[in-house]
Structure formats: structure tokens, C-alpha cells
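*Asks:* Data: work-v4.txt, compact mmCIF, C-alpha atoms.
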# COMPACT_ATOMS: atom_id res chain seq x y z
CA MET A 91 24.24 38.11 -34.48
CA SER A 92 26.81 35.55 -35.42
CA LEU A 93 28.24 32.86 -33.23
CA ASN A 94 31.29 33.88 -31.26
CA MET A 95 33.14 33.29 -28.03
CA THR A 96 29.99 34.06 -26.07
CA LEU A 97 28.84 30.58 -27.04
CA ILE A 98 31.81 29.03 -25.28
CA GLY A 99 31.41 31.26 -22.26
CA GLU A 100 27.74 30.44 -21.94
CA LEU A 101 28.43 26.75 -22.41
CA ILE A 102 30.90 26.83 -19.54
CA ALA A 103 28.46 28.81 -17.41
CA PHE A 104 25.71 26.32 -18.27
CA ILE A 105 27.87 23.36 -17.28
CA VAL A 106 28.91 25.03 -14.04
CA PHE A 107 25.34 25.92 -13.16
CA VAL A 108 24.08 22.43 -13.89
CA LEU A 109 26.86 20.87 -11.84
CA PHE A 110 26.22 23.22 -8.94
CA CYS A 111 22.52 22.49 -9.15
CA MET A 112 23.22 18.78 -9.24
CA LYS A 113 25.52 18.89 -6.24
CA PHE A 114 24.06 21.49 -3.93
CA VAL A 115 20.51 22.32 -4.93
CA TRP A 116 18.66 19.31 -6.21
CA PRO A 117 19.61 16.61 -3.67
CA PRO A 118 18.68 18.49 -0.48
CA LEU A 119 15.43 19.81 -1.94
CA ASN A 120 14.41 16.51 -3.44
CA ASN A 121 15.40 14.57 -0.33
CA ALA A 122 13.47 16.95 1.86
CA ILE A 123 10.41 16.69 -0.34
CA GLU A 124 10.58 12.91 -0.44
CA ALA A 125 11.19 12.67 3.29
CA ARG A 126 8.27 14.97 3.94
CA GLN A 127 6.07 12.96 1.63
CA LYS A 128 7.02 9.83 3.53
CA LYS A 129 6.38 11.57 6.82
CA ILE A 130 2.97 12.74 5.71
CA ALA A 131 2.12 9.30 4.38
CA ASP A 132 3.23 7.77 7.68
CA GLY A 133 1.24 10.34 9.59
CA LEU A 134 -1.85 9.63 7.55
CA ALA A 135 -1.41 5.90 8.03
CA ALA A 136 -0.94 6.40 11.77
CA GLY A 137 -4.02 8.59 11.88
CA GLU A 138 -6.00 5.95 10.08
CA LYS A 139 -4.73 3.30 12.44
CA ALA A 140 -5.56 5.43 15.45
CA GLU A 141 -9.02 6.02 14.07
CA LYS A 142 -9.50 2.31 13.60
CA SER A 143 -8.28 1.49 17.09
CA LEU A 144 -10.50 4.24 18.46
CA GLU A 145 -13.43 2.65 16.67
CA GLU A 146 -12.49 -0.71 18.10
CA ALA A 147 -12.18 0.76 21.58
CA GLN A 148 -15.54 2.44 21.20
CA ALA A 149 -17.10 -0.80 20.05
CA LYS A 150 -15.52 -2.57 23.03
CA VAL A 151 -16.76 0.09 25.39
CA ALA A 152 -20.26 -0.20 23.94
CA ASP A 153 -20.09 -3.98 24.31
CA GLU A 154 -18.93 -3.78 27.88
CA LEU A 155 -21.52 -1.19 28.67
CA LYS A 156 -24.18 -3.47 27.27
CA ASP A 157 -22.81 -6.37 29.32
CA ALA A 158 -22.69 -4.25 32.44
CA LYS A 159 -26.25 -3.07 31.88
CA ALA A 160 -27.42 -6.61 31.37
CA GLN A 161 -25.62 -7.69 34.50
CA ALA A 162 -27.03 -4.82 36.45
CA ALA A 163 -30.50 -5.66 35.24
CA GLU A 164 -29.97 -9.27 36.21
CA ILE A 165 -28.70 -8.30 39.63
CA ILE A 166 -31.64 -6.00 40.14
CA ALA A 167 -34.02 -8.70 39.02
CA GLN A 168 -32.40 -11.17 41.36
CA ALA A 169 -32.49 -8.71 44.22
CA LYS A 170 -36.15 -8.04 43.52
CA LYS A 171 -36.85 -11.72 43.40
CA ARG A 172 -35.01 -12.30 46.60
CA ALA A 173 -36.79 -9.41 48.24
CA ASP A 174 -40.09 -10.82 47.04
CA GLU A 175 -39.11 -14.21 48.34
CA THR A 176 -38.07 -12.73 51.66
CA ILE A 177 -41.29 -10.83 51.90
CA GLU A 178 -43.26 -13.92 50.93
CA ASP A 179 -41.28 -15.94 53.41
CA GLY A 180 -41.86 -13.39 56.11
CA LYS A 181 -45.54 -13.33 55.30
CA LYS A 182 -45.75 -17.09 55.36
CA ARG A 183 -43.86 -17.28 58.56
CA GLY A 184 -46.00 -14.58 60.05
CA GLU A 185 -49.05 -16.49 58.93
CA GLN A 186 -47.73 -19.66 60.48
CA GLU A 187 -46.79 -17.83 63.63
CA ARG A 188 -50.22 -16.30 63.73
CA GLU A 189 -51.84 -19.65 63.17
CA LYS A 190 -49.66 -21.20 65.80
CA ILE A 191 -50.41 -18.45 68.24
CA VAL A 192 -54.06 -18.59 67.37
CA ALA A 193 -54.00 -22.36 67.73
CA ALA A 194 -52.19 -22.11 71.01
CA GLY A 195 -54.72 -19.53 72.17
CA HIS A 196 -57.55 -21.77 71.04
CA SER A 197 -56.16 -24.78 72.79
CA GLU A 198 -55.49 -22.73 75.88
CA VAL A 199 -58.99 -21.35 75.79
CA GLU A 200 -60.26 -24.91 75.23
CA ALA A 201 -58.23 -26.18 78.13
CA GLU A 202 -59.40 -23.33 80.29
CA ARG A 203 -62.95 -23.97 79.24
CA ASN A 204 -62.61 -27.65 79.96
CA ARG A 205 -61.07 -26.94 83.26
CA LEU A 206 -63.77 -24.41 84.07
CA ARG A 207 -66.44 -26.79 82.91
CA GLU A 208 -64.96 -29.50 85.02
CA GLU A 209 -64.86 -27.15 87.93
CA LEU A 210 -68.33 -25.92 87.19
CA ARG A 211 -69.58 -29.47 86.88
CA LYS A 212 -68.08 -30.36 90.13
CA GLN A 213 -69.56 -27.33 91.77
CA VAL A 214 -72.89 -27.96 90.04
CA ALA A 215 -72.70 -31.50 91.21
CA VAL A 216 -71.92 -30.36 94.70
CA LEU A 217 -74.58 -27.67 94.43
CA ALA A 218 -77.05 -30.11 93.01
CA VAL A 219 -76.22 -32.57 95.63
CA ALA A 220 -76.40 -29.87 98.31
CA GLY A 221 -79.66 -28.56 96.90
CA ALA A 222 -81.13 -32.00 96.53
CA SER A 223 -79.92 -32.96 99.91
CA LYS A 224 -81.44 -29.82 101.36
CA ILE A 225 -84.72 -30.59 99.61
CA ILE A 226 -84.86 -34.19 100.27
CA GLU A 227 -82.74 -34.28 103.39
CA ARG A 228 -82.78 -37.61 105.03
CA GLU A 229 -84.85 -39.11 102.36
CA ILE A 230 -81.83 -39.62 100.28
CA ASP A 231 -78.98 -41.64 101.26
CA LYS A 232 -75.80 -39.93 100.26
CA ASP A 233 -74.01 -43.08 99.60
CA ALA A 234 -76.94 -44.93 98.03
CA HIS A 235 -77.81 -42.25 95.49
CA SER A 236 -74.45 -40.76 94.70
CA ASP A 237 -74.23 -42.79 91.49
CA ILE A 238 -77.43 -41.29 90.23
CA VAL A 239 -76.16 -37.86 91.02
CA GLU A 240 -72.90 -38.66 89.34
CA LYS A 241 -74.80 -39.75 86.25
CA LEU A 242 -76.77 -36.55 86.27
CA VAL A 243 -73.67 -34.49 86.66
CA ALA A 244 -72.02 -36.27 83.76
CA GLU A 245 -75.06 -35.46 81.56
CA LEU A 246 -74.65 -31.75 82.19
CA MET B 99 31.55 61.66 -31.80
CA ALA B 100 28.77 63.49 -33.53
CA ALA B 101 25.47 62.22 -32.39
CA GLU B 102 23.90 60.53 -35.34
CA GLU B 103 20.30 61.24 -36.03
CA LEU B 104 18.08 58.97 -34.08
CA THR B 105 16.02 57.34 -36.77
CA LEU B 106 13.67 54.50 -36.09
CA GLN B 107 15.96 52.15 -37.88
CA SER B 108 19.01 53.12 -35.94
CA HIS B 109 17.00 53.00 -32.74
CA ILE B 110 15.97 49.45 -33.44
CA GLN B 111 19.42 48.55 -34.61
CA HIS B 112 20.84 49.98 -31.43
CA HIS B 113 18.50 47.89 -29.34
CA LEU B 114 19.35 44.72 -31.17
CA THR B 115 23.10 45.07 -30.93
CA ASN B 116 25.03 43.36 -28.20
CA ALA B 117 27.75 45.01 -26.21
CA LYS B 118 30.91 43.48 -27.60
CA MET B 119 34.33 43.02 -26.15
CA CYS B 120 37.46 41.64 -27.75
CA SER B 121 41.16 41.77 -27.26
CA THR B 122 43.16 43.54 -29.93
CA GLU B 123 46.82 44.46 -30.21
CA ASN B 124 46.06 47.54 -28.12
CA GLY B 125 44.48 45.59 -25.31
CA LEU B 126 40.76 45.19 -24.73
CA ALA B 127 38.49 46.85 -27.21
CA PHE B 128 34.76 47.37 -27.21
CA ASN B 129 31.82 47.47 -29.57
CA LYS B 130 32.58 48.97 -32.97
CA ALA B 131 36.27 48.41 -32.54
CA CYS B 132 35.50 44.72 -32.47
CA SER B 133 33.90 44.52 -35.89
CA GLU B 134 36.99 42.73 -37.15
CA ALA B 135 37.30 40.28 -34.27
CA GLY B 136 34.88 37.76 -35.74
CA PHE B 137 34.60 34.65 -33.62
CA TRP B 138 36.81 36.02 -30.88
CA THR B 139 34.21 38.47 -29.69
CA TRP B 140 32.51 38.32 -26.34
CA HIS B 141 28.99 39.60 -25.87
CA ILE B 142 29.52 41.00 -22.42
CA ASP B 143 25.90 42.03 -21.87
CA THR B 144 24.64 38.54 -22.67
CA LEU B 145 27.30 36.99 -20.50
CA ALA B 146 26.74 39.35 -17.58
CA TRP B 147 22.97 39.12 -17.55
CA SER B 148 22.81 35.39 -18.11
CA ILE B 149 25.45 34.54 -15.55
CA GLY B 150 23.96 37.04 -13.13
CA LEU B 151 20.54 35.46 -13.54
CA GLY B 152 22.04 31.99 -13.29
CA ILE B 153 23.67 32.93 -10.02
CA LEU B 154 20.42 34.48 -8.84
CA PHE B 155 18.65 31.22 -9.63
CA LEU B 156 21.26 29.18 -7.78
CA MET B 157 21.22 31.52 -4.79
CA ILE B 158 17.45 31.39 -4.47
CA PHE B 159 17.30 27.64 -4.79
CA ARG B 160 20.37 27.08 -2.66
CA SER B 161 18.89 29.09 0.17
CA ALA B 162 15.73 27.02 -0.09
CA ALA B 163 17.80 23.85 -0.23
CA LYS B 164 19.67 24.80 2.94
CA LYS B 165 16.43 25.39 4.79
CA ALA B 166 14.81 22.26 3.44
CA ASN B 167 13.67 19.88 6.13
CA THR B 168 10.72 17.64 6.75
CA GLY B 169 8.90 20.15 8.92
CA VAL B 170 6.14 22.50 7.85
CA PRO B 171 7.54 24.58 4.97
CA GLY B 172 7.17 28.32 4.73
CA LYS B 173 5.63 30.03 1.74
CA PHE B 174 8.93 30.68 0.00
CA GLN B 175 9.98 27.11 0.67
CA CYS B 176 6.67 25.85 -0.69
CA PHE B 177 7.05 27.91 -3.84
CA ILE B 178 10.54 26.60 -4.52
CA GLU B 179 9.51 23.05 -3.75
CA MET B 180 6.52 23.36 -6.04
CA ILE B 181 8.86 24.21 -8.90
CA VAL B 182 11.17 21.37 -7.96
CA GLU B 183 8.29 18.94 -7.81
CA PHE B 184 6.88 20.18 -11.08
CA VAL B 185 10.21 19.51 -12.77
CA SER B 186 10.62 16.24 -10.93
CA ASP B 187 7.19 15.03 -12.07
CA ASN B 188 7.91 15.92 -15.66
CA VAL B 189 11.24 14.14 -15.56
CA ARG B 190 9.69 11.06 -13.96
CA ASP B 191 6.92 10.94 -16.55
CA THR B 192 9.22 11.30 -19.51
CA PHE B 193 12.60 9.90 -18.65
CA HIS B 194 12.43 6.25 -17.73
CA GLY B 195 16.01 5.66 -16.78
CA LYS B 196 17.97 6.27 -13.65
CA SER B 197 19.97 9.42 -13.80
CA LYS B 198 21.18 11.86 -11.21
CA LEU B 199 21.77 14.47 -13.87
CA ILE B 200 18.53 14.81 -15.77
CA ALA B 201 16.38 16.35 -13.07
CA PRO B 202 18.85 19.06 -11.95
CA LEU B 203 19.59 19.74 -15.61
CA ALA B 204 15.91 20.17 -16.34
CA LEU B 205 15.46 22.40 -13.29
CA THR B 206 18.42 24.56 -14.26
CA ILE B 207 17.20 24.93 -17.84
CA PHE B 208 13.64 25.68 -16.82
CA VAL B 209 14.37 28.31 -14.20
CA TRP B 210 17.37 29.84 -15.89
CA VAL B 211 15.67 30.17 -19.26
CA PHE B 212 12.56 31.47 -17.53
CA LEU B 213 14.53 34.16 -15.70
CA MET B 214 16.35 35.17 -18.85
CA ASN B 215 13.10 35.32 -20.79
CA LEU B 216 11.56 37.32 -17.98
CA MET B 217 13.99 40.15 -18.68
CA ASP B 218 11.88 40.72 -21.77
CA LEU B 219 9.13 42.20 -19.61
CA ILE B 220 11.32 45.03 -18.39
CA PRO B 221 10.41 47.99 -20.60
CA VAL B 222 12.84 47.95 -23.48
CA ASP B 223 14.39 51.35 -22.94
CA PHE B 224 14.94 51.34 -19.18
CA LEU B 225 18.16 49.47 -18.79
CA PRO B 226 19.77 50.40 -22.12
CA ALA B 227 19.07 54.09 -21.41
CA PHE B 228 20.48 53.69 -17.92
CA ALA B 229 23.56 51.98 -19.31
CA GLY B 230 23.91 54.78 -21.86
CA TRP B 231 23.68 57.36 -19.10
CA VAL B 232 26.30 55.54 -17.04
CA GLY B 233 28.55 55.25 -20.09
CA GLU B 234 28.17 58.92 -20.91
CA THR B 235 28.58 60.38 -17.44
CA GLY B 236 30.91 57.78 -16.01
CA PHE B 237 33.16 56.94 -18.90
CA GLY B 238 32.68 59.79 -21.31
CA VAL B 239 31.38 57.57 -24.07
CA ASP B 240 28.66 58.66 -26.45
CA SER B 241 25.49 56.96 -25.23
CA HIS B 242 24.85 55.78 -28.79
CA ASP B 243 27.98 53.74 -28.53
CA VAL B 244 26.83 51.99 -25.39
CA TYR B 245 24.96 48.83 -26.16
CA MET B 246 22.91 46.84 -23.73
CA LYS B 247 20.77 43.91 -24.70
CA ILE B 248 19.26 42.68 -21.48
CA VAL B 249 17.50 39.52 -22.68
CA PRO B 250 20.21 36.89 -23.03
CA THR B 251 17.91 34.47 -24.84
CA THR B 252 17.59 36.91 -27.72
CA ASP B 253 21.25 36.24 -28.38
CA ILE B 254 21.74 33.17 -30.57
CA ASN B 255 24.95 32.45 -28.68
CA MET B 256 23.03 31.91 -25.48
CA THR B 257 20.45 29.54 -26.89
CA ALA B 258 23.06 27.78 -28.98
CA ALA B 259 25.19 27.24 -25.90
CA LEU B 260 22.27 25.63 -24.11
CA ALA B 261 21.44 23.50 -27.13
CA LEU B 262 25.07 22.53 -27.54
CA GLY B 263 25.23 21.43 -23.92
CA VAL B 264 22.13 19.32 -24.42
CA PHE B 265 23.54 17.94 -27.67
CA LEU B 266 26.75 16.85 -25.98
CA LEU B 267 24.71 15.18 -23.27
CA MET B 268 22.62 13.41 -25.92
CA ILE B 269 25.73 11.95 -27.47
CA GLY B 270 27.16 11.15 -24.07
CA TYR B 271 24.00 9.37 -22.96
CA GLY B 272 23.74 7.53 -26.25
CA ILE B 273 27.25 6.20 -25.90
CA ARG B 274 26.92 5.43 -22.21
CA MET B 275 23.68 3.49 -22.59
CA LYS B 276 24.44 1.65 -25.82
CA GLY B 277 28.21 1.70 -26.01
CA ILE B 278 30.12 3.25 -28.87
CA GLY B 279 29.26 0.31 -31.12
CA GLY B 280 25.56 0.58 -30.35
CA PHE B 281 25.64 4.32 -30.90
CA ILE B 282 27.30 3.97 -34.28
CA LYS B 283 24.99 1.12 -35.19
CA GLU B 284 22.02 3.33 -34.46
CA LEU B 285 23.43 5.99 -36.76
CA THR B 286 24.18 3.62 -39.61
CA LEU B 287 21.80 0.64 -39.54
CA HIS B 288 18.53 2.52 -39.23
CA PRO B 289 16.00 3.32 -40.54
CA PHE B 290 16.80 1.20 -43.64
CA SER B 291 18.10 -2.21 -42.89
CA SER B 292 18.43 -5.39 -44.85
CA SER B 293 19.32 -8.96 -44.02
CA ASN B 294 21.52 -9.01 -47.10
CA MET B 295 25.01 -7.95 -46.08
CA ALA B 296 25.88 -6.20 -49.34
CA VAL B 297 22.64 -4.26 -49.45
CA GLN B 298 23.15 -3.33 -45.85
CA ILE B 299 26.55 -1.87 -46.56
CA LEU B 300 25.09 0.06 -49.47
CA LEU B 301 22.43 1.47 -47.20
CA ILE B 302 24.87 2.72 -44.58
CA PRO B 303 25.57 6.12 -46.21
CA PHE B 304 21.88 6.87 -46.53
CA ASN B 305 21.22 5.86 -42.98
CA LEU B 306 24.14 7.87 -41.75
CA LEU B 307 22.96 10.92 -43.63
CA LEU B 308 19.39 10.63 -42.39
CA GLU B 309 20.30 9.86 -38.81
CA THR B 310 22.90 12.58 -38.62
CA ILE B 311 20.44 15.13 -39.89
CA ALA B 312 17.85 13.88 -37.42
CA LEU B 313 20.38 14.06 -34.60
CA VAL B 314 21.73 17.49 -35.47
CA ALA B 315 18.28 18.89 -36.13
CA LYS B 316 17.43 18.48 -32.44
CA PRO B 317 19.90 20.99 -30.98
CA PHE B 318 19.27 23.31 -33.94
CA SER B 319 15.56 23.28 -33.35
CA LEU B 320 16.12 23.80 -29.61
CA ALA B 321 18.38 26.78 -30.12
CA LEU B 322 16.43 28.40 -32.92
CA ARG B 323 13.01 27.93 -31.34
CA LEU B 324 13.95 29.72 -28.17
CA PHE B 325 15.97 32.36 -29.97
CA GLY B 326 13.29 32.99 -32.59
CA ASN B 327 10.45 33.32 -30.12
CA LEU B 328 12.28 35.68 -27.83
CA TYR B 329 13.92 37.67 -30.59
CA ALA B 330 10.57 38.24 -32.27
CA GLY B 331 8.97 39.16 -28.97
CA GLU B 332 11.77 41.59 -28.18
CA LEU B 333 11.54 43.11 -31.64
CA ILE B 334 7.85 43.75 -31.21
CA PHE B 335 8.48 45.33 -27.81
CA ILE B 336 11.02 47.63 -29.45
CA LEU B 337 8.62 48.53 -32.25
CA ILE B 338 5.84 49.21 -29.78
CA GLY B 339 8.26 51.28 -27.75
CA ALA B 340 8.92 53.46 -30.79
CA ILE B 341 5.37 54.58 -31.58
CA GLY B 342 4.76 57.19 -28.93
CA LEU B 343 1.92 57.38 -26.44
CA MET B 344 -0.14 54.64 -28.06
CA GLN B 345 2.50 52.22 -26.88
CA LEU B 346 1.04 52.03 -23.39
CA PRO B 347 -2.04 49.88 -24.06
CA LEU B 348 -0.26 48.01 -26.82
CA HIS B 349 2.70 47.32 -24.63
CA PHE B 350 0.43 46.04 -21.92
CA VAL B 351 -1.41 43.70 -24.29
CA TRP B 352 1.79 42.37 -25.79
CA ALA B 353 3.41 41.96 -22.39
CA VAL B 354 0.46 39.97 -21.10
CA PHE B 355 0.62 37.74 -24.13
CA HIS B 356 4.35 37.51 -23.83
CA ILE B 357 4.15 36.17 -20.29
CA LEU B 358 2.71 33.05 -21.89
CA VAL B 359 5.57 32.85 -24.35
CA ILE B 360 8.15 33.32 -21.62
CA VAL B 361 6.92 30.44 -19.49
CA LEU B 362 6.01 28.26 -22.42
CA GLN B 363 9.39 28.57 -24.10
CA ALA B 364 11.20 27.77 -20.86
CA PHE B 365 8.94 24.77 -20.38
CA VAL B 366 9.31 23.62 -23.96
CA PHE B 367 13.08 23.83 -23.80
CA MET B 368 13.07 21.79 -20.60
CA MET B 369 10.62 19.18 -21.88
CA LEU B 370 12.44 18.73 -25.19
CA THR B 371 15.72 18.37 -23.36
CA ILE B 372 14.23 15.59 -21.26
CA VAL B 373 12.62 13.96 -24.28
CA TYR B 374 15.79 14.08 -26.37
CA LEU B 375 17.89 12.66 -23.57
CA SER B 376 15.27 10.01 -22.95
CA MET B 377 15.35 9.08 -26.63
CA ALA B 378 19.12 9.08 -26.65
CA SER B 379 19.33 6.70 -23.73
CA SER B 380 16.57 4.28 -24.67
CA GLU B 381 17.30 1.18 -26.67
CA SER B 382 14.40 1.11 -29.07
CA HIS B 383 14.59 3.35 -32.03
I'd like the structure from this file rewritten - as C-alpha cells, please.

*Replies:*
Amino acid sequence: MSLNMTLIGELIAFIVFVLFCMKFVWPPLNNAIEARQKKIADGLAAGEKAEKSLEEAQAKVADELKDAKAQAAEIIAQAKKRADETIEDGKKRGEQEREKIVAAGHSEVEAERNRLREELRKQVAVLAVAGASKIIEREIDKDAHSDIVEKLVAEL
Amino acid sequence: MAAEELTLQSHIQHHLTNAKMCSTENGLAFNKACSEAGFWTWHIDTLAWSIGLGILFLMIFRSAAKKANTGVPGKFQCFIEMIVEFVSDNVRDTFHGKSKLIAPLALTIFVWVFLMNLMDLIPVDFLPAFAGWVGETGFGVDSHDVYMKIVPTTDINMTAALALGVFLLMIGYGIRMKGIGGFIKELTLHPFSSSNMAVQILLIPFNLLLETIALVAKPFSLALRLFGNLYAGELIFILIGAIGLMQLPLHFVWAVFHILVIVLQAFVFMMLTIVYLSMASSESH
């Protein structure tokens, strides 16, 4: 149990092992670990960034969707309004047309009536004159009393 | 070669004796023939097991190092990298300088000492008995003359070699960081200092004495702590192994407890190495 050459042998072995470890074991392992740590950190950062950009994109999509909906609603409202206007227009025009037609019909009827009345008056006048002349033939001078007859006819 | 009676004492003695080798006038000699060799003895079992375990450590870690990349690591790779990171964290926390040496040194100490300590968990009679059988059948040697101590850290030479390596590094770091002048100043001008020149010179011997003791105590404590813990543990394993059937539960209990000692001592040796080197290379005293 006393110190002897083993001490020297072990010291040499120790030095050799440490040197080997320093040259061939530690650097690759440590480098790999550090590189992997960096990679993982980068990956996490990228993931976070992607998540953020996804959130932004989603927010944008929601915004645009809202815009589009609003636009659509506006367009629909406009279309409805225009349709209403068109219908109103059509109705109004129809009304006018109807009134015009009705007015035209009225005036036509009026004209026809006037014409008929005129005709009738003439015929009545003729008839009256003929009747009167038949009743009071000779007694009445056609030329002398035509103005009275005319007056009578006009009063009809 | 009369087989001596196997008493408990001789059994224990047998277990605690290293296989020795030395060169004499008649060529290489072994074991009892080396009792006169003194310092020029080699403990071949300590050397073989420790170097074998050291190579095992380097092979395992080298194979992991070759496969190391930034992709998804396998389980073996993860395990190795966990150890590396554990050591790396400890070094980063404790050693505040830049050094390419400290971390691999700490890793080597931790894993190597751990592996050597781990040999303690192999039942105490297995390998020595096997070695005795090989010696008897293969070389015609009495199995009582075949020694095999399989836990290198129960050999003071092993722990002293580690401590000596660390000690040399402490001195080397001290000189590299502070220069030879700074290193000597630290040994002579602390802890007692005076603004008076004459008093200062008077104080130098005291300082030198104190600082030298403090410096030398570090490798001594390193070597003896590891050696003492493992030697005591091994001794208790041997004693338990000598008491018959009752040894089974006792052995189990002691082995479970000893697992703690094995890891803890490896860790302590590594941490103290880092701390001592950190102290040696920092300016403040």
C-alpha cells in the first residue's frame, strides 16, 4: 500500500486519457450539442415567427372577410334599392300610361259624343223641322222661321 | 507451495493485496518476489483495470463523438450527451476563465473515476477467484499467490496519480495566469502582509509555510478522500463476503448504499478539481 511506480504509470495514463479526450472526444460532442441547441433555438424562433405571421394572416383574412361582407351587403342594398326604384318607376310610368290612355279614351269618347250630339242635333233639327213642317205645312215659311228653329235646335 | 490455512485474516489480506510486478536480476518477477523492490514495483492489476476502463470510457465517448451531429440523437447519444452537458454545466458554473482543458479534464475524471469505482459493485470474490483459477490451471501457480484487486481507486497509487496530475495543473494554471512572479507573490505575501518592508520580509517564511501547506493539502485531500472512501467500502464488501449466507441481504444493502458513494466520490473529485483549478487561475486570493 505504499507509493510505487504505479503512480507514474497512472499519471502517464491519466495525461494520455485527458489529452485524447481533449482532442477527440470533447470538441465534437460539445460542438454538436451547441450546434443542436442553436438549431433548436432557431427552430423555436422560426416557429414563433410563423405563428405570429399566421395570426397576422388570419387577422387580415378576417378583416377582408368583414370588408367583403360589408361590400356585399352594400351591393345587395343598392340592388334592392334600384329594384325598388325600377319597380316604382315602372308603376309610375304604368300609372301615367294608364292615365294617358284613360285620358285619351275620355277625350275620344267626348269627341265622339260631341260629334254624335252634333249629328243628333242636326238630325233632330231636321226631324223637328220636318215634323213641324209636316204639322204646319205651308203655314210656316221655311226661310222665315229657320232662325227660330235654329235657336230651338241650339237649346237642345 | 503448501496451501496455507485460509483464515479470515489471510482472506482479507489476500483481497487487499495488489498483484505486483518488478524487474530483478533474473528478469521480471511477481508478487512476493517483489517485496524488496520498493518504489520500483508496478501494480499490474491496478494498471490493467484502470487503463482498460479508461480505454473503455474513451471508446464509448469517442463512438458517440463520431456520431454526433445536429440531428435527432438516439438514446445512447442522448445519454452520452447528458453526461457531457452535466459536466459542461458544472464547469461553466464554477470555472470562470476560458480554457479548452478544464471541461475534458473534468469529464475524464468524472467518468473514469466513476467506472473504476463501479468495479466495487462486482462481488468481491468473482474476479479474484477467476484470476486464481486461471493462474492455477494456466500457469501452475498456487491460487493463493495470485492477487487481483479489481478496484483501481482502492489503490493509493491510482488516486495519488490523479491528484498529482491535478496538482501539476494547479501550479501550471497559477503560473500561466499570474506569471511566475505573481505565483510566488501569492505564496509569500499572503495571508499576512504589511506595508512596512522589514515586517513584510519577516512575514514571508510564515506565509510561505501556510500557503505551501494550503496548496499541498489540496492534492492530498483529493487523493486520500477518494482512496479512503473506496478502500473502506471495499473492506466492508470483503468482510460481508466472509460471513456466510447472511451476506446476501447485507451485501445488497451495502451495495445499494455504495452506489451513492461511487457516484458521489466521482462527482466530488471532479468538482474539487474544477474548484481548485478555478482558484489557481483567479487573481483574487

*Asks:* Quick one: everything within 12 Å of B:Ser121, counting all atoms listed in the file, minus sequence neighbours fewer than 3 positions away in the same chain. Send it as a list in words.

*Replies:*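 Returned residues: Met95 of chain A; Lys118, Asn124, Gly125, Leu126, Ala127, Phe128, Asn129, Ala131, Cys132, Ser133, Glu134, Ala135, Gly136, Phe137, Trp138, Thr139 and Trp140 of chain B.
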
*Asks:* Using only C-alpha atoms, what table do you get, as a Markdown table, when you list each residue of chain B with an atom no more than 8 Å from chain A, its nearest pair of atoms, and their distance in Å rounded to one decimal, rows by chain then rising number?

*Replies:*
| residue | atom | partner | partner_atom | distance |
| --- | --- | --- | --- | --- |
| B:Thr115 | CA | A:Met91 | CA | 7.9 |
| B:Gly136 | CA | A:Asn94 | CA | 6.9 |
| B:Phe137 | CA | A:Asn94 | CA | 4.1 |
| B:Trp138 | CA | A:Met95 | CA | 5.4 |
| B:Thr139 | CA | A:Met95 | CA | 5.5 |
| B:Trp140 | CA | A:Thr96 | CA | 5.0 |
| B:His141 | CA | A:Thr96 | CA | 5.6 |
| B:Ile142 | CA | A:Thr96 | CA | 7.9 |
| B:Thr144 | CA | A:Thr96 | CA | 7.8 |
| B:Leu145 | CA | A:Glu100 | CA | 6.7 |
| B:Ser148 | CA | A:Glu100 | CA | 8.0 |
| B:Ile149 | CA | A:Ala103 | CA | 6.7 |
| B:Gly152 | CA | A:Phe107 | CA | 6.9 |
| B:Ile153 | CA | A:Phe107 | CA | 7.9 |
| B:Leu156 | CA | A:Cys111 | CA | 6.9 |
| B:Phe159 | CA | A:Val115 | CA | 6.2 |
| B:Arg160 | CA | A:Val115 | CA | 5.3 |
| B:Ala162 | CA | A:Leu119 | CA | 7.4 |
| B:Ala163 | CA | A:Leu119 | CA | 5.0 |
| B:Lys164 | CA | A:Pro118 | CA | 7.2 |
| B:Ala166 | CA | A:Ala122 | CA | 5.7 |
| B:Asn167 | CA | A:Ala122 | CA | 5.2 |
| B:Thr168 | CA | A:Arg126 | CA | 4.6 |
| B:Gly169 | CA | A:Arg126 | CA | 7.2 |
| B:Glu179 | CA | A:Leu119 | CA | 7.0 |
| B:Val182 | CA | A:Asn120 | CA | 7.4 |
| B:Glu183 | CA | A:Asn120 | CA | 7.9 |
| B:Lys198 | CA | A:Met112 | CA | 7.5 |
| B:Leu199 | CA | A:Met112 | CA | 6.5 |
| B:Ala201 | CA | A:Trp116 | CA | 7.8 |
| B:Pro202 | CA | A:Met112 | CA | 5.1 |
| B:Leu203 | CA | A:Val108 | CA | 5.5 |
| B:Thr206 | CA | A:Val108 | CA | 6.1 |
| B:Asp253 | CA | A:Met91 | CA | 7.0 |
| B:Ile254 | CA | A:Met91 | CA | 6.8 |
| B:Asn255 | CA | A:Leu97 | CA | 4.6 |
| B:Met256 | CA | A:Glu100 | CA | 6.1 |
| B:Ala258 | CA | A:Leu97 | CA | 6.7 |
| B:Ala259 | CA | A:Leu101 | CA | 4.8 |
| B:Leu260 | CA | A:Leu101 | CA | 6.5 |
| B:Leu262 | CA | A:Leu101 | CA | 7.4 |
| B:Gly263 | CA | A:Leu101 | CA | 6.4 |

*Asks:* Which neighbours of B:Val244 fall inside 8 Å, counting all atoms listed in the file, when residues of the same chain fewer than 4 positions from it are skipped, and could you give them as a list in words?

*Replies:* Ala117, Asn129, Pro226, Ala229, Gly230, Gly233, Val239 and Asp240 of chain B

*Asks:* So how many Å separate atom CA of B:Ile282 and atom CA of B:Asn305, to one decimal?

*Replies:*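 Separation of atom CA of B:Ile282 and atom CA of B:Asn305: 10.8 Å.
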
*Asks:* Hey, can I get the axis-aligned box for stretch 325-340 of chain B? All listed atoms, 4 Å padding on each side, centre and edge lengths in Å to one decimal, as JSON.

*Replies:*
{"center_x": 10.9, "center_y": 42.9, "center_z": -30.2, "size_x": 18.1, "size_y": 29.1, "size_z": 12.8}

*Asks:* What separation in Å, quoted to one decimal, exists between atom CA of B:Val189 and atom CA of B:Ile372?

*Replies:*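 Straight-line distance from atom CA of B:Val189 to atom CA of B:Ile372 works out to 6.6 Å.
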
*Asks:* Give the answer as one residue: which of B:Phe367, B:Trp231, B:Phe212, B:Phe335 has the shortest atom-to-atom distance to B:Leu151, using all atoms listed in the file?

*Replies:*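 Ranked by minimum distance to B:Leu151, first place goes to B:Phe212.
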
*Asks:* What does the structure give for the distance between atom CA of B:Leu301 and atom CA of B:Gly277, in Å to one decimal?

*Replies:*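 Atom-to-atom, atom CA of B:Leu301 and atom CA of B:Gly277 are spaced 22.0 Å apart.
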
*Asks:* Mind checking which residues fall within 12 Å of A:Leu246, counting only C-alpha atoms, ignoring those fewer than 5 positions away in the same chain, and posting them as a PyMOL selection string?

*Replies:* chain A and resi 207-208+210-215+218+239-241

*Asks:* Rank B:Leu324, B:Ile220, B:Ala315, B:Ile273 by their smallest atom-to-atom distance to B:Thr252, using all atoms listed in the file, and report the top residue only.

*Replies:*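 Ranking B:Leu324, B:Ile220, B:Ala315, B:Ile273 by distance to B:Thr252, first place goes to B:Leu324.
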